[in-house]
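Q: I'd like to ask some things about the structure below.
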Number of protein chains: 2
Amino acid sequence: MSTETTLLDRLRELVESTEPGPVVLEGVRPEDIGDALERMEPEEGIVVLAKLEDELAAESLIHASTETTRSLVEELPDSQLARYLDVLAMDDALDLREEIGDERYERLLKMIPHEDAGEIQRLLSYPEDSVARLMTEHFFRISPSATMAQVLEEMRRSPEEKYETINDIYVLSDDGHLLGVFSLRKGLRAAQDIPVSELMNKDVVTASVLESDEEAARRMARYGLYALPVLDERGRMVGLFTGDDAQDILEDAETEDVLMMGAVSGAADSYMSLSVWQLAQRRLPWLGALFIAETLTGAVMRHYGTGDQDLRIAPLMFFVPLIIGAGGNCGAQVTTTLTRALAVGDVQVGDWLRVLRREVATAFIVGGTLGLLGFLRAWLGWKSPMDLSLVVAVSLPVVVLWATSIGSLLPLAAKRLGIDPAVMSAPFITTFVDATGLVIYFEIALKFLHR
Amino acid sequence: MSTETTLLDRLRELVESTEPGPVVLEGVRPEDIGDALERMEPEEGIVVLAKLEDELAAESLIHASTETTRSLVEELPDSQLARYLDVLAMDDALDLREEIGDERYERLLKMIPHEDAGEIQRLLSYPEDSVARLMTEHFFRISPSATMAQVLEEMRRSPEEKYETINDIYVLSDDGHLLGVFSLRKGLRAAQDIPVSELMNKDVVTASVLESDEEAARRMARYGLYALPVLDERGRMVGLFTGDDAQDILEDAETEDVLMMGAVSGAADSYMSLSVWQLAQRRLPWLGALFIAETLTGAVMRHYGTGDQDLRIAPLMFFVPLIIGAGGNCGAQVTTTLTRALAVGDVQVGDWLRVLRREVATAFIVGGTLGLLGFLRAWLGWKSPMDLSLVVAVSLPVVVLWATSIGSLLPLAAKRLGIDPAVMSAPFITTFVDATGLVIYFEIALKFLHR
């Protein structure tokens, strides 16, 4: 996009300029500066950060990719980095820990206000990828006997950073249990002297501290909510999981799923931020594994293609790409469809029998069609003998049925075993079906051609 | 999940019960009822809807899948459906048009209040998939000279449905131009007697009426916003695009992209709502096209495998799965990575040269490794002669380089031509690389083995 090029140019000018002190960049957002930083040398990036106001600099830093952030953080002096940690929202400050490194992070925490450091330490005590890691403790809480007049008074009195959002007001008992919630919109329209307990809705969608962030984010999206209260094991509300974090989590989760479907492993880092070596590292393990698995397919061909099997081997071979292509593509279709349906909650593991019935029925339609096409290609197209053409016509539906069953059951089985179903991705299924599909094809050939 | 089974059971009990009138289902959400409706017969669903309050029934109806909604809508009498249109948010009421059918929809519009029908007609005049179709006209607008005291007074006075959200307050000039925005949170904390023009932030991220909904939703997500003001061609604010709609759009867009990567075409309908016939319909076109393309691969094998080429054809054939597997998987990896990077905005079309350089470098690492593995497999594993082993060792890196170049350039070229890059999906690339990769392999074999 042209605006981004322009911003990159503007920032490069900033690097050259001798103008001191914080520069004001009207209407420029940290997300865009973060992108631009990824396209600059780290030395340039450091100069840009130093020339910006702390808050904009800190937010730009966290919006750059992991790799860029890491290389910038390495060059930044402790004092500057500590100031950044101080101005960031807690969950963002927490996020930087990975790039800064544990030891240095501990040291920096001692340099920021005690209260903030304490909150970060508290959040850090929760497991990674848990909702608690991303929650904010800055939500608006009130006791059930308070009135709206008191709510408004409290909002006016408190410093701006005390509440990250005030759209929803959480009613908590004295011991911190969540009793209900109501929107500020509703509160403003109500009489100002009735207790908030009369305004609140007691049926609240919540998350629990140890829950996986992706699960909670999906629930938030499903119900069209903008935030979920986070409860601890004893039902006390300890924080708020907000929609912006949920959106980031979902985007990263989808990216990881999509990449896994393309046989690329690794976290959702920006493409441009990865080095060639890192790109290769994310691809080689899968590729190597698939390569070794694919030698099985070659072994199957050798097994049937040599020795005294007396198959008319060369003509049979020419249909191998058709057979493994059809099986692989069908398997990929089914596994992609089901992995996605599992991810968005359309299908549950308990539905496996229903899924299998549907897929088998679909396989009959699809396999029958491909079998017919294959027969016509073999008999009329390549003028193959009738018996060979029939082998192709019979093999295709059987391989399709096999691929479809494998492609539908493996993702469900993975989910059942607590493995991410995206691991049973299209390339995995395809490669598995290549070898096994060929066995089916050659066995059928032995039956038909050996009478 | 067990809660859903329970809800399904509860709704089935409701169908059986003779209790009249609207039943109150404490703490049950329309999204969950929508899911349950998908798992019921339409006749049961009709009874459930009739027993619920109109608002809950209407929202449950729109949360079911397209197919379920369509079959329920067919059975509902006009009067009931008109009541539903009346209680729904405008964008949701608009959404039902597809399921209801144009003619009947026009008739129903005449049965609901004139003002609501007018708003729906206005939104309908915008193109499908445009932001305007999803926007709400119920946002809080105020003139720049008003004070916060007046804002609060206006909020208290107006009926609840007048504003879908009041988190952000939009300052509009007399002729409707957006001058700025400020959060209610900021407004509440400010002095109540200063004009809002002093509170507002003039730098606003907006959407325009004709923009694609997916593009606007991505922008909203990128900047972590909860709503975007929608401006018409003359810069007047005509509506608000809210985060819940953006989230739905993004989820559907990702689902469609993911399915396309698995060679499944069609919209993001729920898996369970599609009939077997529909499932086959979404898979067969791709499968047929890939099948026909794959006969090319067979043709390549026939071309090199028959006639007087005098290649030691059978041993060469056994490496075909390895060669096409490696090429296909590499192509799939690259195209998946780039399609995703394009979708989330990490990579732009203008980056093509940089991308190609990175991919070629990666291909050297990956191809070299696979070439070595292939050589070892051929020479030590299958005791192939040295010249054949060398053919495998040389072919693999060349095929990988070819697959990588195709896999990186085609998605970028598609994007450049205004085609959805997801069309250049892994199965397409894989199949294309199968045939062309084999030509490379056999040509190298001819050179090496024919001296």
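Residues are referred to by chain and number: the chain letter is A, B, ... according to the order shown in the structure tokens, the number counts from 1 in that chain, and ligands are numbered separately from 1 in the order shown.
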Need the shell around Val366 in chain A: protein/DNA/RNA residues with any atom at most 8 Å away, counting only C-alpha atoms. Skip same-chain ones fewer than 5 positions apart. Format as a list in words?
A: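 Skipping anything fewer than 5 positions along the chain leaves Pro397 and Val400 of chain A; Ala280, Arg283 and Leu284 of chain B.
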Q: Please provide as a PyMOL selection string all residues within 8 Å of Val131 in chain A, with the sequence filter that same-chain residues fewer than 5 positions apart are discarded (counting only C-alpha atoms).
A: chain A and resi 207-213+216+230+241
Q: Write the residues of the preceding selection, restricted to C-alpha atoms, as a PDB file, in the first residue's frame.
A:
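Output (out29.pdb):
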ATOM      1  CA  ALA A 207     -13.647 -17.323  31.063  1.00  0.00           C
ATOM      2  CA  SER A 208     -11.556 -19.012  33.708  1.00  0.00           C
ATOM      3  CA  VAL A 209      -7.945 -18.112  34.446  1.00  0.00           C
ATOM      4  CA  LEU A 210      -6.428 -21.388  33.315  1.00  0.00           C
ATOM      5  CA  GLU A 211      -8.510 -21.783  30.175  1.00  0.00           C
ATOM      6  CA  SER A 212      -6.692 -21.679  26.832  1.00  0.00           C
ATOM      7  CA  ASP A 213      -6.742 -18.229  25.296  1.00  0.00           C
ATOM      8  CA  ALA A 216     -11.954 -18.185  25.301  1.00  0.00           C
ATOM      9  CA  VAL A 230     -12.011 -13.874  33.922  1.00  0.00           C
ATOM     10  CA  PHE A 241     -10.132 -10.533  28.681  1.00  0.00           C
TER      11      PHE A 241
END
Q: Residues of chain A within 7 Å of chain B, using only C-alpha atoms, as a PyMOL selection string?
A: chain A and resi 27+31+155-156+166-167+185+188-189+203+221+223-224+244+247+255+258-259+262-264+270-272+276-277+279-280+284+287+291+294-295+297-298+301-302+318-319+321-322+325-326+329+332-333+336-337+340-341+346+358+361-362+365-366+427
Q: With only C-alpha atoms as the counted atoms, please give the residues lying no more than 10 Å from Glu198 in chain A, apart from itself and same-chain residues fewer than 5 positions off, as a list in words.
A: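 Contacts, with the query itself left out: Pro144, Ser145, Thr147, Gly180, Phe182 and Ala190 of chain A.
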Q: Using DSSP secondary structure from the backbone, list all helix (DSSP H, G or I) positions within range 197-430 of chain B, as a ChimeraX atom specification.
A: /B:197-198,213-222,243-261,271-273,276-305,307-309,313-317,320-343,349-381,386-416,421-423,426-430
Q: Just the strand (DSSP E or B) stuff from range 170-283 of chain B, please, per backbone DSSP, written as a list of chain:residue names.
A: B:Tyr170, B:Val171, B:Leu172, B:His177, B:Leu178, B:Leu179, B:Gly180, B:Val181, B:Phe182, B:Ser183, B:Pro195, B:Asn201, B:Ala207, B:Ser208, B:Ser212, B:Ala227, B:Leu228, B:Pro229, B:Val230, B:Leu231, B:Arg236, B:Met237, B:Val238, B:Gly239, B:Leu240, B:Phe241, B:Thr242
Q: Would you mind listing what lies within 10 Å of Ser79 in chain A as a PyMOL selection string, with only C-alpha atoms counted and same-chain residues fewer than 6 positions away left out?
A: chain A and resi 108+111-112
Q: For the residues selected in the previous step, produce a file with C-alpha atoms as a CSV table (one decimal), in the first residue's frame.
A:
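Saved to selection.csv:
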chain,number,residue,atom,x,y,z
A,108,LEU,CA,13.9,-4.2,34.3
A,111,MET,CA,13.2,-0.3,37.6
A,112,ILE,CA,9.4,0.3,37.1
Q: For Ala93 in chain B, which of B:Thr136, B:Ser405, B:Ser130, B:Thr68 is the closest residue, counting only C-alpha atoms?
A: B:Thr136
Q: Quick one: pull the distance between CA of Leu7 in chain A and CA of Val48 in chain A, Å, one decimal.
A: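 CA of Val48 in chain A lies at a distance of 11.8 Å from CA of Leu7 in chain A.
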